[in-house]
$ cat structure-v8.txt   # compact mmCIF, C-alpha atoms
# COMPACT_ATOMS: atom_id res chain seq x y z
CA MET A 1 -22.71 -7.39 4.86
CA VAL A 2 -20.94 -4.05 4.47
CA TYR A 3 -17.56 -5.81 4.27
CA ILE A 4 -18.85 -8.23 1.62
CA ILE A 5 -20.00 -5.26 -0.45
CA ALA A 6 -16.60 -3.62 0.11
CA ALA A 7 -14.83 -6.78 -1.08
CA ILE A 8 -16.96 -6.98 -4.24
CA LEU A 9 -16.27 -3.31 -4.99
CA ILE A 10 -12.54 -3.80 -4.43
CA PHE A 11 -12.45 -6.71 -6.89
CA GLY A 12 -14.55 -4.82 -9.39
CA ILE A 13 -12.47 -1.65 -9.19
CA LEU A 14 -9.14 -3.46 -9.42
CA ILE A 15 -10.19 -5.54 -12.43
CA GLY A 16 -11.74 -2.46 -14.03
CA LEU A 17 -8.49 -0.54 -13.53
CA HIS A 18 -6.58 -3.46 -15.01
CA GLU A 19 -8.67 -3.25 -18.17
CA LEU A 20 -8.33 0.55 -18.14
CA GLY A 21 -4.56 0.05 -18.31
CA HIS A 22 -4.95 -2.06 -21.47
CA PHE A 23 -7.39 0.51 -22.91
CA LEU A 24 -5.14 3.53 -22.32
CA ALA A 25 -2.11 1.73 -23.73
CA ALA A 26 -4.08 0.56 -26.78
CA LYS A 27 -5.33 4.10 -27.48
CA ALA A 28 -1.82 5.52 -27.01
CA CYS A 29 -0.47 2.99 -29.51
CA GLY A 30 -3.19 3.67 -32.08
CA VAL A 31 -4.87 0.27 -31.70
CA ARG A 32 -8.57 0.07 -32.45
CA VAL A 33 -10.68 -0.69 -29.36
CA ASN A 34 -14.12 -2.00 -30.33
CA GLU A 35 -15.56 -1.89 -26.81
CA PHE A 36 -14.48 -0.79 -23.38
CA ALA A 37 -16.81 -1.95 -20.62
CA ILE A 38 -16.93 -1.38 -16.88
CA GLY A 39 -18.65 -4.28 -15.15
CA MET A 40 -20.03 -7.48 -16.66
CA GLY A 41 -23.44 -8.73 -17.73
CA PRO A 42 -26.22 -6.72 -19.41
CA ALA A 43 -25.39 -3.14 -20.37
CA ILE A 44 -27.01 -0.36 -18.31
CA LEU A 45 -25.57 2.48 -20.35
CA LYS A 46 -23.96 2.51 -23.78
CA LYS A 47 -22.35 5.25 -25.83
CA GLN A 48 -20.58 5.01 -29.15
CA LYS A 49 -17.72 7.48 -29.46
CA GLY A 50 -15.66 7.18 -32.59
CA GLU A 51 -14.62 3.58 -33.14
CA THR A 52 -15.21 2.54 -29.51
CA LEU A 53 -18.41 1.52 -27.74
CA TYR A 54 -18.27 2.54 -24.08
CA ALA A 55 -20.52 0.50 -21.79
CA LEU A 56 -21.47 0.40 -18.12
CA ARG A 57 -22.70 -3.09 -17.27
CA LEU A 58 -24.88 -4.40 -14.47
CA LEU A 59 -22.50 -6.54 -12.41
CA PRO A 60 -19.67 -4.57 -10.70
CA VAL A 61 -17.15 -7.38 -11.08
CA GLY A 62 -14.56 -6.09 -13.51
CA GLY A 63 -14.79 -5.16 -17.16
CA TYR A 64 -13.04 -5.76 -20.45
CA CYS A 65 -11.22 -4.05 -23.29
CA ALA A 66 -12.08 -5.67 -26.64
CA MET A 67 -9.39 -4.80 -29.19
CA GLU A 68 -9.56 -5.43 -32.92
CA GLY A 69 -7.29 -8.33 -33.85
CA GLU A 70 -7.03 -9.62 -30.28
CA GLU A 71 -8.97 -12.86 -30.73
CA GLU A 72 -8.26 -13.46 -34.42
CA ASP A 73 -6.19 -11.87 -37.16
CA SER A 74 -7.64 -8.76 -38.79
CA ASP A 75 -6.70 -6.86 -41.95
CA ASP A 76 -7.28 -3.54 -40.19
CA PRO A 77 -3.88 -1.74 -39.97
CA HIS A 78 -4.96 -0.52 -36.52
CA ALA A 79 -5.64 -4.06 -35.29
CA LEU A 80 -3.58 -5.43 -32.44
CA ASN A 81 -2.22 -8.30 -34.54
CA ASN A 82 -0.69 -5.81 -37.00
CA GLN A 83 1.32 -3.92 -34.39
CA GLY A 84 5.03 -4.27 -33.68
CA PHE A 85 6.68 -6.06 -30.77
CA TRP A 86 7.04 -3.07 -28.45
CA LYS A 87 3.47 -1.82 -28.89
CA LYS A 88 2.07 -5.27 -28.16
CA LEU A 89 4.37 -5.67 -25.16
CA LEU A 90 3.26 -2.30 -23.77
CA ILE A 91 -0.44 -3.13 -24.22
CA TYR A 92 -0.15 -6.60 -22.67
CA ALA A 93 1.83 -5.32 -19.67
CA ALA A 94 -0.25 -2.17 -19.10
CA GLY A 95 -2.98 -3.93 -17.10
CA ALA A 96 -0.51 -5.31 -14.55
CA ALA A 97 1.31 -1.96 -14.46
CA MET A 98 -1.98 -0.21 -13.64
CA ASN A 99 -2.66 -2.65 -10.80
CA PHE A 100 0.83 -2.14 -9.37
CA LEU A 101 0.46 1.63 -9.65
CA THR A 102 -2.92 1.41 -7.89
CA GLY A 103 -1.38 -0.52 -5.00
CA PHE A 104 1.46 2.01 -4.75
CA ILE A 105 -0.94 4.99 -4.72
CA ILE A 106 -3.15 3.38 -2.04
CA ILE A 107 -0.13 2.85 0.21
CA LEU A 108 1.09 6.39 -0.42
CA LEU A 109 -2.31 7.81 0.54
CA LEU A 110 -2.28 5.74 3.73
CA PHE A 111 1.16 7.13 4.61
CA ILE A 112 0.20 10.78 4.08
CA GLY A 113 -0.46 11.35 7.77
CA THR A 114 2.44 9.21 9.04
CA LYS A 115 4.79 11.12 11.35
CA ALA A 116 7.66 8.61 11.45
CA PHE A 117 8.77 5.24 10.05
CA TYR A 118 10.55 2.44 11.88
CA THR A 119 13.82 1.59 10.18
CA PRO A 120 15.99 -1.58 10.11
CA THR A 121 18.78 0.36 11.86
CA ILE A 122 19.93 -1.06 15.21
CA VAL A 123 20.03 1.67 17.85
CA ASP A 124 20.54 -0.57 20.88
CA PHE A 125 20.57 -4.13 22.18
CA ALA A 126 18.52 -5.66 24.96
CA GLU A 127 20.29 -6.29 28.24
CA GLY A 128 22.36 -9.46 27.97
CA CYS A 129 22.08 -9.72 24.17
CA PRO A 130 25.11 -11.69 22.87
CA LEU A 131 24.84 -10.44 19.29
CA GLU A 132 26.76 -7.21 19.89
CA SER A 133 30.49 -7.60 19.32
CA GLU A 134 33.37 -6.39 17.19
CA ASN A 135 32.83 -9.31 14.82
CA GLY A 136 29.06 -9.31 15.15
CA LEU A 137 26.36 -6.68 15.06
CA GLN A 138 26.94 -3.15 16.31
CA LYS A 139 24.89 -0.09 17.14
CA GLY A 140 24.24 1.95 14.02
CA ASP A 141 24.17 -1.09 11.73
CA THR A 142 21.41 -1.00 9.12
CA ILE A 143 20.34 -4.48 8.06
CA VAL A 144 20.39 -4.60 4.26
CA SER A 145 19.57 -8.27 3.63
CA ILE A 146 18.92 -11.53 5.45
CA ASP A 147 19.75 -14.83 3.76
CA GLY A 148 19.94 -13.08 0.39
CA GLU A 149 16.54 -11.38 0.73
CA HIS A 150 16.57 -7.58 0.61
CA ILE A 151 15.08 -5.60 3.49
CA TYR A 152 12.48 -3.28 1.97
CA VAL A 153 10.68 -2.26 5.17
CA TYR A 154 11.33 -2.63 8.88
CA SER A 155 8.83 -5.51 9.27
CA ASP A 156 10.89 -7.61 6.83
CA VAL A 157 13.45 -8.16 9.59
CA SER A 158 11.11 -10.20 11.79
CA LEU A 159 9.56 -11.91 8.75
CA LEU A 160 12.86 -13.10 7.29
CA LEU A 161 14.33 -14.02 10.66
CA GLY A 162 11.23 -16.11 11.28
CA LEU A 163 11.55 -17.97 7.95
CA ASN A 164 14.98 -19.32 8.88
CA LYS A 165 14.73 -22.51 10.96
CA ASP A 166 18.40 -23.48 11.46
CA GLY A 167 19.46 -20.47 13.56
CA THR A 168 22.38 -19.33 11.38
CA PHE A 169 21.92 -16.36 9.08
CA ASP A 170 23.76 -14.67 6.24
CA LEU A 171 23.46 -10.99 7.10
CA VAL A 172 24.53 -7.94 5.12
CA VAL A 173 24.60 -4.69 7.09
CA ARG A 174 25.55 -1.15 6.19
CA ARG A 175 28.12 0.18 8.67
CA ASP A 176 29.76 3.59 8.32
CA GLY A 177 28.73 3.74 4.68
CA GLN A 178 30.22 0.33 3.87
CA LYS A 179 28.51 -3.03 3.43
CA VAL A 180 29.65 -5.68 5.89
CA THR A 181 28.79 -9.38 5.42
CA LEU A 182 28.25 -11.66 8.42
CA LYS A 183 28.34 -15.19 7.04
CA ASP A 184 26.72 -18.04 9.02
CA PHE A 185 26.00 -15.66 11.87
CA PRO A 186 24.34 -17.55 14.77
CA MET A 187 21.20 -15.98 16.23
CA GLU A 188 18.63 -17.50 18.52
CA ARG A 189 15.55 -16.28 20.32
CA ARG A 190 15.94 -15.67 24.04
CA GLU A 191 14.02 -14.09 26.86
CA TYR A 192 14.89 -10.45 27.47
CA PRO A 193 13.57 -7.92 29.99
CA ALA A 194 10.76 -5.81 28.51
CA THR A 195 10.73 -2.02 28.87
CA GLY A 196 7.43 -1.95 30.74
CA GLY A 197 8.30 -4.86 32.99
CA GLY A 198 8.24 -8.61 32.50
CA THR A 199 10.03 -10.37 29.66
CA TYR A 200 9.67 -11.03 25.95
CA THR A 201 11.13 -13.63 23.60
CA GLY A 202 13.13 -12.31 20.68
CA PHE A 203 16.58 -11.61 19.27
CA GLY A 204 17.30 -8.63 21.51
CA LEU A 205 17.63 -6.10 18.71
CA ILE A 206 16.21 -2.62 19.21
CA PHE A 207 15.51 -0.62 16.08
CA GLY A 208 15.12 3.10 15.53
CA ALA A 209 12.79 5.36 13.60
CA GLU A 210 13.09 8.35 11.28
CA GLU A 211 10.88 11.37 10.81
CA ALA A 212 8.55 11.09 7.82
CA THR A 213 9.06 13.53 4.95
CA LEU A 214 7.42 13.66 1.53
CA GLY A 215 10.44 11.89 0.06
CA SER A 216 10.50 9.17 2.72
CA ARG A 217 6.75 8.60 2.33
CA ILE A 218 7.22 8.01 -1.40
CA VAL A 219 10.21 5.73 -0.80
CA HIS A 220 8.42 3.73 1.92
CA SER A 221 5.33 3.40 -0.28
CA TRP A 222 7.44 2.07 -3.15
CA ASN A 223 9.31 -0.29 -0.83
CA ASN A 224 6.00 -1.58 0.58
CA ALA A 225 4.74 -2.30 -2.92
CA MET A 226 8.00 -4.11 -3.78
CA ASP A 227 7.69 -6.04 -0.52
CA PHE A 228 4.24 -7.20 -1.65
CA VAL A 229 5.84 -8.43 -4.89
CA ARG A 230 8.34 -10.43 -2.86
CA MET A 231 5.52 -11.89 -0.73
CA VAL A 232 3.85 -13.22 -3.89
CA ARG A 233 7.15 -14.69 -5.09
CA LEU A 234 7.79 -16.39 -1.75
CA SER A 235 4.26 -17.81 -1.78
CA ILE A 236 4.80 -19.25 -5.27
CA GLN A 237 8.14 -20.71 -4.16
CA MET A 238 6.46 -22.36 -1.18
CA LEU A 239 3.82 -23.89 -3.47
CA LEU A 240 6.45 -25.22 -5.88
CA THR A 241 8.61 -26.67 -3.09
CA GLY A 242 5.70 -28.25 -1.24
CA GLN A 243 5.95 -25.99 1.81
CA ALA A 244 2.38 -24.91 1.04
CA GLY A 245 -0.50 -26.59 -0.77
CA LEU A 246 -3.78 -25.75 -2.46
CA LYS A 247 -5.46 -25.63 0.94
CA ASP A 248 -3.29 -22.62 1.76
CA LEU A 249 -4.52 -20.64 -1.25
CA SER A 250 -7.40 -18.19 -1.00
CA GLY A 251 -9.87 -17.33 -3.73
CA PRO A 252 -12.62 -14.70 -3.76
CA VAL A 253 -14.53 -16.32 -0.88
CA GLY A 254 -11.40 -16.52 1.27
CA ILE A 255 -10.46 -12.92 0.49
CA VAL A 256 -13.97 -11.71 1.35
CA SER A 257 -13.69 -13.63 4.63
CA THR A 258 -10.31 -12.03 5.33
CA ILE A 259 -11.60 -8.53 4.56
CA THR A 260 -14.55 -9.13 6.88
CA GLU A 261 -12.20 -10.33 9.62
CA VAL A 262 -9.88 -7.33 9.13
CA GLY A 263 -12.83 -4.94 9.37
CA GLU A 264 -14.42 -6.56 12.41
CA GLN A 265 -11.15 -6.68 14.35
CA SER A 266 -10.40 -2.99 13.76
CA SER A 267 -10.87 -0.70 16.74
CA SER A 268 -12.72 2.02 14.80
CA ILE A 269 -14.32 2.74 11.44
CA ARG A 270 -11.25 4.76 10.43
CA ASP A 271 -8.95 1.86 11.32
CA ALA A 272 -11.21 -0.54 9.43
CA ILE A 273 -11.04 1.64 6.32
CA ASP A 274 -7.25 1.97 6.58
CA ASN A 275 -6.73 -1.76 7.17
CA ILE A 276 -9.02 -2.79 4.32
CA ALA A 277 -7.36 -0.23 2.02
CA TYR A 278 -3.94 -1.68 2.90
CA PHE A 279 -5.25 -5.16 2.15
CA ALA A 280 -6.65 -3.85 -1.15
CA ALA A 281 -3.17 -2.57 -2.03
CA LEU A 282 -1.81 -6.06 -1.36
CA ILE A 283 -4.46 -7.58 -3.64
CA ALA A 284 -3.69 -5.01 -6.36
CA VAL A 285 0.02 -5.85 -6.37
CA ASN A 286 -0.82 -9.55 -6.16
CA LEU A 287 -2.99 -9.24 -9.27
CA ALA A 288 -0.17 -7.42 -11.06
CA VAL A 289 2.39 -10.13 -10.34
CA MET A 290 0.09 -13.08 -10.98
CA ASN A 291 -1.06 -11.63 -14.30
CA LEU A 292 2.53 -11.46 -15.52
CA LEU A 293 3.20 -15.15 -14.91
CA PRO A 294 3.93 -16.86 -18.25
CA LEU A 295 0.75 -18.96 -18.14
CA PRO A 296 -1.83 -19.30 -20.93
CA ALA A 297 -4.81 -16.90 -20.70
CA LEU A 298 -2.86 -14.47 -18.53
CA ASP A 299 -1.11 -11.34 -19.78
CA GLY A 300 2.20 -13.00 -19.00
CA GLY A 301 1.20 -15.91 -21.25
CA LYS A 302 0.47 -13.49 -24.09
CA ILE A 303 3.84 -11.82 -23.55
CA PHE A 304 5.47 -15.27 -23.58
CA PHE A 305 3.90 -16.11 -26.96
CA LEU A 306 4.81 -12.64 -28.24
CA VAL A 307 8.47 -13.37 -27.49
CA ILE A 308 8.26 -16.88 -28.97
CA ASN A 309 6.63 -15.59 -32.17
CA THR A 310 9.15 -12.77 -32.51
CA VAL A 311 12.08 -15.19 -32.18
CA ALA A 312 10.39 -17.66 -34.57
CA MET A 313 9.96 -14.91 -37.20
CA LEU A 314 13.61 -13.95 -36.92
CA LEU A 315 14.84 -17.53 -37.20
CA PHE A 316 12.26 -19.32 -39.36
CA LYS A 317 10.15 -16.53 -40.92
CA LYS A 318 7.08 -18.21 -39.40
CA GLN A 319 5.05 -17.85 -36.23
CA ILE A 320 2.32 -19.71 -34.38
CA PRO A 321 -1.04 -19.06 -36.12
CA ALA A 322 -3.32 -16.87 -33.98
CA LYS A 323 -6.09 -19.49 -33.83
CA TYR A 324 -3.76 -22.13 -32.33
CA GLU A 325 -2.40 -19.67 -29.81
CA ASN A 326 -6.00 -18.83 -28.85
CA TYR A 327 -6.77 -22.53 -28.39
CA ILE A 328 -3.92 -22.71 -25.87
CA HIS A 329 -5.19 -19.61 -24.07
CA TYR A 330 -8.73 -21.04 -23.95
CA ALA A 331 -7.40 -24.30 -22.50
CA GLY A 332 -5.39 -22.32 -19.95
CA LEU A 333 -8.49 -20.32 -19.03
CA ILE A 334 -10.44 -23.52 -18.40
CA LEU A 335 -7.64 -24.87 -16.20
CA LEU A 336 -7.45 -21.61 -14.25
CA LEU A 337 -11.22 -21.60 -13.75
CA GLY A 338 -11.00 -25.22 -12.57
CA LEU A 339 -8.28 -24.27 -10.10
CA MET A 340 -10.40 -21.34 -8.93
CA LEU A 341 -13.33 -23.70 -8.30
CA VAL A 342 -11.12 -26.01 -6.23
CA VAL A 343 -9.75 -23.08 -4.21
CA THR A 344 -13.25 -21.67 -3.73
CA PHE A 345 -14.46 -25.08 -2.51
CA HIS A 346 -11.66 -25.10 0.08
CA ASP A 347 -12.55 -21.55 1.11
CA VAL A 348 -16.20 -22.49 1.66
CA TRP A 349 -15.18 -25.68 3.47
CA LYS A 350 -12.97 -23.71 5.84
CA LEU A 351 -15.87 -21.37 6.66
CA PHE A 352 -17.95 -24.32 7.87
CA THR A 353 -15.13 -26.18 9.62

$ encode --input "structure-v8.txt" --output "structure tokens"
Amino acid sequence: MVYIIAAILIFGILIGLHELGHFLAAKACGVRVNEFAIGMGPAILKKQKGETLYALRLLPVGGYCAMEGEEEDSDDPHALNNQGFWKKLLIYAAGAAMNFLTGFIIILLLFIGTKAFYTPTIVDFAEGCPLESENGLQKGDTIVSIDGEHIYVYSDVSLLLGLNKDGTFDLVVRRDGQKVTLKDFPMERREYPATGGGTYTGFGLIFGAEEATLGSRIVHSWNNAMDFVRMVRLSIQMLLTGQAGLKDLSGPVGIVSTITEVGEQSSSIRDAIDNIAYFAALIAVNLAVMNLLPLPALDGGKIFFLVINTVAMLLFKKQIPAKYENYIHYAGLILLLGLMLVVTFHDVWKLFT
């Protein structure tokens, strides 16, 4: 039960922070905000301050920022519809930016006590590894990219090597300050002697570590957040190419189940908190990226129409009427809710099967 409550709070906080991003950007741009609410449902507390009604609502599942001129055109000069391109762009993107920033800060806080970070720099090769040669990999090489995908963090090496199924890789390594490209470089998993005895199956590469400093903690936190962005992109690519289907998606029920599993498999309460916080950072960045997709009802869809209307005004002195744009966003919202219901059904089905 405690993990279910934690999951609900995580969703509520992240959505609330998303709306806070819109609110802060709107206030900074001089846009009238009629109501800013934390939570949904009936109001527990209300306070009118200036032009804005601040409300705390019963259900801790998000919130909203109601701006003048957001749903329909308004004559108020401070309405959203009467603002210029850059102010609108900033306001629309601010929610996703706040979610990304939240994910970055969570990761940074988790890395505060870290003493060292593994790096993608090869310090040695396992006994009998055939990859070390003058024309191949060498000690001191730092792997920069694999098959065109940048290495943000050490764990990317195993992830990207695992995604390739044909056994030949396009590697870019940094060697003596210069980038060296190894095109169609053959690599295969083999059995190698393990340090503590026995054997393990892998590529035979041994990587080093570096001492953590304030600067490296910030850099690694940023790289982790960017790695989360890439994970979302790869997931979308897999959906579009058929490598994954709707059954592989997770909605709120699936995420709650995952959080519960993460917590229960942790060795201590501290580990459970750290692991769930790391997962929350992943969700935060995921929300940021997904919200910027150019789909109706999402912030990315609003940005898309903003660009279309700006170009239309420059070329034809006309733009899409607000009510028609809202119809499209409403239709998109219905489709997204329908998709969410399908995904939730699969999540529930998986729990029972």

$ atom_distance --input "structure-v8.txt" --atom1 "CA of Asn99 (chain A)" --atom2 "CA of Leu56 (chain A)"
20.4 Å

$ residues_around --input "structure-v8.txt" --residues "Thr199 (chain A)" --least-positions-apart "4" --cutoff "12 Å" --atoms "only C-alpha atoms" --output "VMD selection string"
chain A and resid 126 to 127 190 to 195 204

$ atom_distance --input "structure-v8.txt" --atom1 "CA of Gly41 (chain A)" --atom2 "CA of Leu58 (chain A)"
5.6 Å

$ atom_distance --input "structure-v8.txt" --atom1 "CA of Thr119 (chain A)" --atom2 "CA of Asn286 (chain A)"
24.6 Å

$ residues_around --input "structure-v8.txt" --residues "Val61 (chain A)" --least-positions-apart "2" --cutoff "6 Å" --atoms "all atoms listed in the file" --output "list in words"
Gly12, Gly39 and Leu59 of chain A
